[in-house]
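First up is the structure itself, then whatever we jot down about it.
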Amino acid sequence: MTFQPVDTRVSFPQLEERVLKLWNDHRVVEKNLAAGDRPFVFYEGPPTANGRPGLHHVISRIFKDVICRYRSMQGYRIIGRREGWDTHGLPVEIEVEKALGFNGKPDIEKYGIAEFNARCRESVWNYIQDWKAFTERIAYWVSDDAYITYDNNYIESLWWILQKLWQNDLLFRDYKVTMHCPRCGTSLSDHEVNLGFQDDVDDPSVWLRFKVSAADHTAAGARHAAALQHAAFLAWTTTPWTLPGNVALAVKPDADYALASIDGERVVMALALVPHVLGETAVVEQTFRGDELVGVRYERLFDGAPGSGDTVDEARLYRVIADEYVSLEDGTGIVHIAPAYGDLEIGRKHGLPTLFSVDLAGMVMPELGDLPFTGKFFKEADPDITRNLKERGLLFRSGRVKHSYPFCWRCGTALLYYAKRSWYIRTTAKKDLLVENNKQIAWVPEHIREGRFGNWLENNIDWAISRERYWGTPLPIWMAEDGYTECIGSLAELEQKAGRNLKDLDLHRPYVDAITWEDAQHGTMRRIPDVADCWFDSGAMPVAQWHYPMENQELYQLAYQADYICEAVDQTRGWFYTLHALSTLLFDRPAFKNVICLGHILDGEGQKMSKSKGNVVNPWTVINEQGSDALRWYLFTASPPGSPRRFSSALVNESLRKFMLTLWNTYSFFVTYAGLDGWVPPAHGVANQHLAPIDRWALARLHALVHDATAAFEAYDVTGAAREIEAFVDELSNWYVRRNRRRFWKSEADSDKQAAYATLYTCLVTVTKLAAPFIPFAAEAIYQNLVRGVDAAAPESVHLARWPQVDQQLVDQQLVDDTEVLLKAVSLGRAARKAAGLKIRQPLRQLWVRAPTAAGTDGLRRFEAELRDELNVKEVRFLDSSTDFIEYRFKPNLRIVGKKYGKLVPQLTAALRELSGDTARNAARAVEQGQSVWLTVGGSELELQHDELLVETSSPAGYAVAEDGGVLCALDTALTPELTSEGLARELVRNIQDARKEAGFAISDRIVVYLGGADGDAEVEAMLRSWGDYVRNETLAEDLVLTAPPESAYQVVLDLDDARSIRIGVRRQ
RNA sequence: GGGCGUAUAGCUCAGCUGGUUAGAGCGCGAUCCUGAUAAGAUCGAGGUCGGUGGUUCGAGUCCACCUACGCCCA
């Protein structure tokens, strides 16, 4: 039993296809979904399947996936890891309308709701095959057991929720301003309204007098009523036809208002706007703060008409209110409020009634009384209304204005802002709890909680839930002619009302509309025609996905709150909100505990990807070329999840090369040599005492990684965890493997070699498990070979294996830190060589090295062999302050000193700079030994602690030096003939190796080497006398011949200097 | 118009509660190292840390305002 050979020229897309087959053959997904004991609850935010999956779906699905995989490896059973499909709503209807060539609701009604809804039901599955293939191919592991929002069971649960809200007085009927087309007789969606905005629409612009009433001011306003007698409020509007709907005037509470006189009359308006509106001749008599005017009553312009069935509280009408929403940008700073035609929110906030002036056909209502413009179309009534007001002395000024205004995209008629009866969920009733519950949620990125989401909750308004549409969850509200309503909470209840079996009833329109019953008191009960906002469908999924409470009561007890959800940032006002709102309203608790909120994916230029721009990246292209793992890794590591990211396949390629291939090649290296040696992991592991220091380092580093990656995952810091893993793989490959290659090559199978194998094996297996949630395919392939290949008892998939645990025995932070200093020293040594023009191949006599602290230098001592080898020196010496050939420089450790000495810092820095010679050396010694240093600064003596100083060293003469952050490497550059000779030997070896490789020889081929032109060269001959065996050994040369190579040998030329060269030939034995 | 976020090298990103010479990877140039590697190392070119002002001994970091972009809302 041994490992399968691994090709370094791997094709990840092909490998992934093979892994998919393995998972299918062994039903791994199924087993994984069923595994675990402790519950971990995940909620799937349902996408709509009526479009092709794109890159943004990849990112949200893999961020969902990675956390579930991690938890699963920790032994959790993931509840709710299933598909979910959002199937209702206007976008679906629009698609179907487009396909049928329809032009709005009348076309649909003519076509028939039953047939139309049947088309909608089909259309949501247009791309389901794409979705299924895509989901499998990116390894998003969910069960097929999807919840579907149009399902009867799902709808029944929604009814239960609605009834519960109803019972708690949280579902109510009130006006809602919609954009209404008077000609088509229908409300338009936001989307439709946006289609029909026109700029530069010519409209009237009128300034009006609202005369202060003689009496009946409320207490607050009464104080100033006397001063305001015979004055009028000035207000401005571009829609005179809304004036009969006026119920109040609004001022800005903290703005200044002026009582001004002009041409003998007294008017009230915002002080700041007086010069602009009244001109220079106006005289300000008195000023008030806006909120001082609250309650002042004024004379109505017209008698508006209440909505049918409404009773109007006269006392609340025609008074000044104060609201922050009032702007001083234009107009007079006093705003005419007509809730029926756009100011409904403010009306509700201030408890104002709603009065109408025109009907749904856009005609001025006869209820206003006998007026010259009664029965006219609202736009055409404007001049008549203006004239009427002028005749009554209420018009202050009039003109025309150009602004933007919405028109019906279908028929071009000016739209009406119109308050219609609508159904609301009273979220404001629990606003404080919404805010409180949000504080319990852990958001990634954190700022969403207080920022975007928190703000949204602070400004909460009631949720308008009804839609006058067809393809949606029918609201289960039945109403009698007299307005009596009942809310039905289940199919059983409806059956009881209807008095018959409804098991086969499709709960959608129009079928449900046909269910009526007779109420003894109120007569025939009919369903209201509205359907629910489809955000209600998805927001209710925690309940409805399980058909609770009709089914799954026990399951629901586990799954009533999600441990984790993840969607893109646009869901803060969408799904995140509706989940949160419904959970708080129904159960007083947050719906989810942790949430990752993803930024959007942009194209390479930072532009939003959209079909019209043609810059949409098809995920399949990337998956087929670079593989799902590479794409996943890129998306996990490239930037923090909450940031918008520019996508480029070049960067996916970088992930592939930088991480995937580094891991793969390390794995391949291991398998190659383990295969040659027939090495398999020993049953009882490797005894600790056989581990080399670098093995201990690798294991200490590994367990630090396990700790850090686990901690990052626990904080839902996916990117952090991935970046930790990437850093480790890099060090494993470029330090551990590179340093230890010879231990794997050597022919003796001693304990040292065993230790190397065991160490590398442990690192690879462990890191593979850590990487498994991120790159499920490659991790599986590696695991199958390294673990399953030699241990039939191991879990059959890495995704069924357990998450690695930190082994405290192996943790050694000191060793990890010391190695970091070593790596730094090695890097500096190379820099020093580079600066002196000395190749690494040329051995040097001596290296001097020091770390910033004595302890650091001691840490380096244990790596003397590594330093010698890496930097190719004969001897390593460690510097301390007793060495007198270097100069010391000092800087303050600002992090500590800055706070302590404040303004003294510049002088202190200067004083330290002055230290030199023996004074400096003494100070350096003191710092090294942990003693304090006395220094004269600004005339007084300061005692500086050893950690308040940073010591740097400068170059001794005759040495090649590099220094950074207190680490110093100094190389003795003097060359002896022996050193030169050895350098030449290594140069020769390198050239012969190159020639072997270029000639295409196998690693184990024995060869003959010809050295043409070397015969008689004293330097070369001397070198061969000392180093001939070394050269033969390294290059597997049976023979070194000092003659020109024959034609049959592969040849290269090694230049010794300008005049001399060796013609090297290699030939297989 | 409001809210939130983002802005650091040609590109993608680090930069902890303010602190020492602002870093990494990719790309570019040069050199080196290399019989696991599509890799690695060193050096170099490339930064007014979006702008202006402020607080501070000291600002990429904190504050204010502004600009551009993105998202959401109006």
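Here's how to read the names in the structure tokens: chain A, B, ... by the order shown, residue numbers from 1 in each chain, ligand numbers from 1 in the order shown.
Using only C-alpha atoms (C1' of nucleotides), the chain B residues found within 6 Å of chain A amount to C4, G19, A36, U37, U42 and C57 of chain B.
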| 7 Å contact set for segment 811-817 of chain A, only C-alpha atoms (C1' of nucleotides), chain neighbours under 3 positions out, as an MDAnalysis selection string | chainID A and resid 697 700:701 703:704 807:808 820:821
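Minimum atom-to-atom distance to Val512 of chain A, evaluated using only C-alpha atoms, belongs to A:Thr473 out of A:Thr1043, A:Thr473, A:Gln931, A:Thr242.
Residue nearest Asp359 of chain A within the list A:Pro182, A:Gly1028, A:Gly1016, A:Pro474: A:Pro182 [criterion: smallest interatomic distance, only C-alpha atoms].
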| Which residues in segment 876-924 of chain A does DSSP call strand (DSSP E or B)? List them as a ChimeraX atom specification. | /A:876-878,887-892
Restricted to all heavy atoms, what would the selected residues look like written as a PDB file, in the first residue's frame?
```
ATOM      1  N   VAL A 876      29.824  31.174  11.192  1.00  0.00           N
ATOM      2  CA  VAL A 876      28.867  32.200  11.589  1.00  0.00           C
ATOM      3  C   VAL A 876      29.256  32.714  12.956  1.00  0.00           C
ATOM      4  O   VAL A 876      29.541  31.931  13.868  1.00  0.00           O
ATOM      5  CB  VAL A 876      27.433  31.635  11.653  1.00  0.00           C
ATOM      6  CG1 VAL A 876      26.452  32.702  12.128  1.00  0.00           C
ATOM      7  CG2 VAL A 876      27.013  31.098  10.304  1.00  0.00           C
ATOM      8  N   ARG A 877      29.297  34.032  13.111  1.00  0.00           N
ATOM      9  CA  ARG A 877      29.616  34.592  14.425  1.00  0.00           C
ATOM     10  C   ARG A 877      28.512  35.558  14.824  1.00  0.00           C
ATOM     11  O   ARG A 877      27.970  36.281  13.992  1.00  0.00           O
ATOM     12  CB  ARG A 877      30.966  35.294  14.392  1.00  0.00           C
ATOM     13  CG  ARG A 877      32.034  34.323  13.878  1.00  0.00           C
ATOM     14  CD  ARG A 877      33.408  34.865  14.031  1.00  0.00           C
ATOM     15  NE  ARG A 877      33.766  35.049  15.419  1.00  0.00           N
ATOM     16  CZ  ARG A 877      34.992  35.395  15.799  1.00  0.00           C
ATOM     17  NH1 ARG A 877      35.928  35.598  14.898  1.00  0.00           N
ATOM     18  NH2 ARG A 877      35.276  35.560  17.082  1.00  0.00           N
ATOM     19  N   PHE A 878      28.226  35.530  16.103  1.00  0.00           N
ATOM     20  CA  PHE A 878      27.114  36.335  16.593  1.00  0.00           C
ATOM     21  C   PHE A 878      27.634  37.570  17.284  1.00  0.00           C
ATOM     22  O   PHE A 878      28.487  37.481  18.161  1.00  0.00           O
ATOM     23  CB  PHE A 878      26.242  35.498  17.522  1.00  0.00           C
ATOM     24  CG  PHE A 878      25.628  34.329  16.795  1.00  0.00           C
ATOM     25  CD1 PHE A 878      26.272  33.096  16.749  1.00  0.00           C
ATOM     26  CD2 PHE A 878      24.449  34.495  16.098  1.00  0.00           C
ATOM     27  CE1 PHE A 878      25.732  32.035  16.049  1.00  0.00           C
ATOM     28  CE2 PHE A 878      23.910  33.436  15.398  1.00  0.00           C
ATOM     29  CZ  PHE A 878      24.545  32.209  15.370  1.00  0.00           C
ATOM     30  N   GLU A 887      29.428  50.347  14.538  1.00  0.00           N
ATOM     31  CA  GLU A 887      28.914  51.563  15.142  1.00  0.00           C
ATOM     32  C   GLU A 887      27.450  51.361  15.506  1.00  0.00           C
ATOM     33  O   GLU A 887      26.722  50.666  14.800  1.00  0.00           O
ATOM     34  CB  GLU A 887      29.024  52.724  14.151  1.00  0.00           C
ATOM     35  CG  GLU A 887      30.447  53.178  13.891  1.00  0.00           C
ATOM     36  CD  GLU A 887      31.009  53.946  15.087  1.00  0.00           C
ATOM     37  OE1 GLU A 887      30.223  54.662  15.737  1.00  0.00           O
ATOM     38  OE2 GLU A 887      32.225  53.797  15.374  1.00  0.00           O
ATOM     39  N   TYR A 888      27.045  52.011  16.590  1.00  0.00           N
ATOM     40  CA  TYR A 888      25.652  51.896  17.006  1.00  0.00           C
ATOM     41  C   TYR A 888      24.917  53.215  16.827  1.00  0.00           C
ATOM     42  O   TYR A 888      25.495  54.286  17.015  1.00  0.00           O
ATOM     43  CB  TYR A 888      25.578  51.473  18.470  1.00  0.00           C
ATOM     44  CG  TYR A 888      26.090  50.065  18.678  1.00  0.00           C
ATOM     45  CD1 TYR A 888      27.428  49.824  18.962  1.00  0.00           C
ATOM     46  CD2 TYR A 888      25.219  48.981  18.550  1.00  0.00           C
ATOM     47  CE1 TYR A 888      27.898  48.536  19.120  1.00  0.00           C
ATOM     48  CE2 TYR A 888      25.694  47.695  18.710  1.00  0.00           C
ATOM     49  CZ  TYR A 888      27.027  47.467  18.992  1.00  0.00           C
ATOM     50  OH  TYR A 888      27.489  46.201  19.143  1.00  0.00           O
ATOM     51  N   ARG A 889      23.685  53.117  16.456  1.00  0.00           N
ATOM     52  CA  ARG A 889      22.826  54.295  16.368  1.00  0.00           C
ATOM     53  C   ARG A 889      21.562  54.020  17.189  1.00  0.00           C
ATOM     54  O   ARG A 889      21.136  52.874  17.316  1.00  0.00           O
ATOM     55  CB  ARG A 889      22.418  54.582  14.921  1.00  0.00           C
ATOM     56  CG  ARG A 889      23.546  55.015  14.013  1.00  0.00           C
ATOM     57  CD  ARG A 889      22.994  55.425  12.645  1.00  0.00           C
ATOM     58  NE  ARG A 889      22.090  54.411  12.126  1.00  0.00           N
ATOM     59  CZ  ARG A 889      22.486  53.349  11.445  1.00  0.00           C
ATOM     60  NH1 ARG A 889      23.776  53.157  11.216  1.00  0.00           N
ATOM     61  NH2 ARG A 889      21.625  52.474  10.995  1.00  0.00           N
ATOM     62  N   PHE A 890      20.974  55.079  17.709  1.00  0.00           N
ATOM     63  CA  PHE A 890      19.814  54.906  18.577  1.00  0.00           C
ATOM     64  C   PHE A 890      18.618  55.724  18.111  1.00  0.00           C
ATOM     65  O   PHE A 890      18.785  56.833  17.610  1.00  0.00           O
ATOM     66  CB  PHE A 890      20.150  55.302  20.015  1.00  0.00           C
ATOM     67  CG  PHE A 890      21.208  54.419  20.603  1.00  0.00           C
ATOM     68  CD1 PHE A 890      22.553  54.703  20.401  1.00  0.00           C
ATOM     69  CD2 PHE A 890      20.862  53.296  21.317  1.00  0.00           C
ATOM     70  CE1 PHE A 890      23.535  53.880  20.914  1.00  0.00           C
ATOM     71  CE2 PHE A 890      21.846  52.474  21.837  1.00  0.00           C
ATOM     72  CZ  PHE A 890      23.182  52.763  21.633  1.00  0.00           C
ATOM     73  N   LYS A 891      17.468  55.149  18.308  1.00  0.00           N
ATOM     74  CA  LYS A 891      16.226  55.874  18.061  1.00  0.00           C
ATOM     75  C   LYS A 891      15.318  55.647  19.257  1.00  0.00           C
ATOM     76  O   LYS A 891      15.403  54.595  19.894  1.00  0.00           O
ATOM     77  CB  LYS A 891      15.519  55.318  16.824  1.00  0.00           C
ATOM     78  CG  LYS A 891      16.119  55.743  15.511  1.00  0.00           C
ATOM     79  CD  LYS A 891      15.314  55.129  14.398  1.00  0.00           C
ATOM     80  CE  LYS A 891      15.828  55.580  13.052  1.00  0.00           C
ATOM     81  NZ  LYS A 891      15.126  54.850  11.989  1.00  0.00           N
ATOM     82  N   PRO A 892      14.437  56.600  19.519  1.00  0.00           N
ATOM     83  CA  PRO A 892      13.475  56.337  20.595  1.00  0.00           C
ATOM     84  C   PRO A 892      12.424  55.347  20.111  1.00  0.00           C
ATOM     85  O   PRO A 892      12.071  55.338  18.944  1.00  0.00           O
ATOM     86  CB  PRO A 892      12.841  57.708  20.834  1.00  0.00           C
ATOM     87  CG  PRO A 892      13.019  58.436  19.540  1.00  0.00           C
ATOM     88  CD  PRO A 892      14.268  57.905  18.892  1.00  0.00           C
TER      89      PRO A 892
END
```
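Comparing A:Leu1054, A:Met609, A:Asp1015, A:Tyr1010 by their smallest distance to Val1041 of chain A, the closest is A:Tyr1010 (using only C-alpha atoms).
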| task | Can you list, as a ChimeraX atom specification, all residues belonging to segment 409-635 of chain A that DSSP tags as alpha helix (DSSP H)? | result | /A:431-438,447-448,454-458,491-498,534-539,541-544,553-559,575-587,619-625,628-635
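Within 10 Å of segment 59-66 of chain B, once only C-alpha atoms (C1' of nucleotides) are used and residues closer than 4 positions along the same chain are dropped, the contacting residues are B:U8, B:G15, B:G18, B:G19, B:A22, B:C49, B:G51, B:U52, B:G53, B:G54, B:U55.
The nearest approach to Asp717 of chain A among the residues A:Trp471, A:Tyr150, A:Phe576, A:Phe636, with only C-alpha atoms taken into account, belongs to A:Phe636.
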| query | Nearest to G58 of chain B among B:U20, B:C11, B:A30, B:G2, with distances taken over only C-alpha atoms (C1' of nucleotides): which residue is it? | reply | B:U20
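Using only C-alpha atoms (C1' of nucleotides), the contacts of Trp1027 of chain A at a cut-off of 8 Å, with sequence neighbours closer than 4 positions omitted, comprise A:Glu982, A:Ala985, A:Met1023, A:Val1031.
Non-sequential neighbours of Ser916 of chain A (distance at most 12 Å, separation of 4 or more positions within a chain, only C-alpha atoms (C1' of nucleotides)) are Ile886, Glu887, Tyr888, Arg889, Phe890, Ala911, Leu912, Ala920, Arg921, Asn922, Ala923, Ala924, Glu952, Thr953 and Ser954 of chain A.
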| task | Find the residues around segment 93-95 of chain A up to 10 Å (only C-alpha atoms (C1' of nucleotides) counted), leave out those fewer than 3 positions away in its own chain, and share them as a list in words. | result | Asn50, His88, Gly89, Leu90, Lys98, Ala99, Leu100, Gly101, Phe102, Asn103, Gly104, Ile108, Phe116, Asn117, Arg119, Cys120, Arg121, Ser123, Val124, Arg469, Tyr470, Trp471 and Gly472 of chain A
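Taking atom CA of Asn594 of chain A as the reference point, atom CA of Cys566 of chain A is found at 8.4 Å.
Between atom CA of Trp848 of chain A and atom CA of Ile694 of chain A there is a distance of 21.9 Å.
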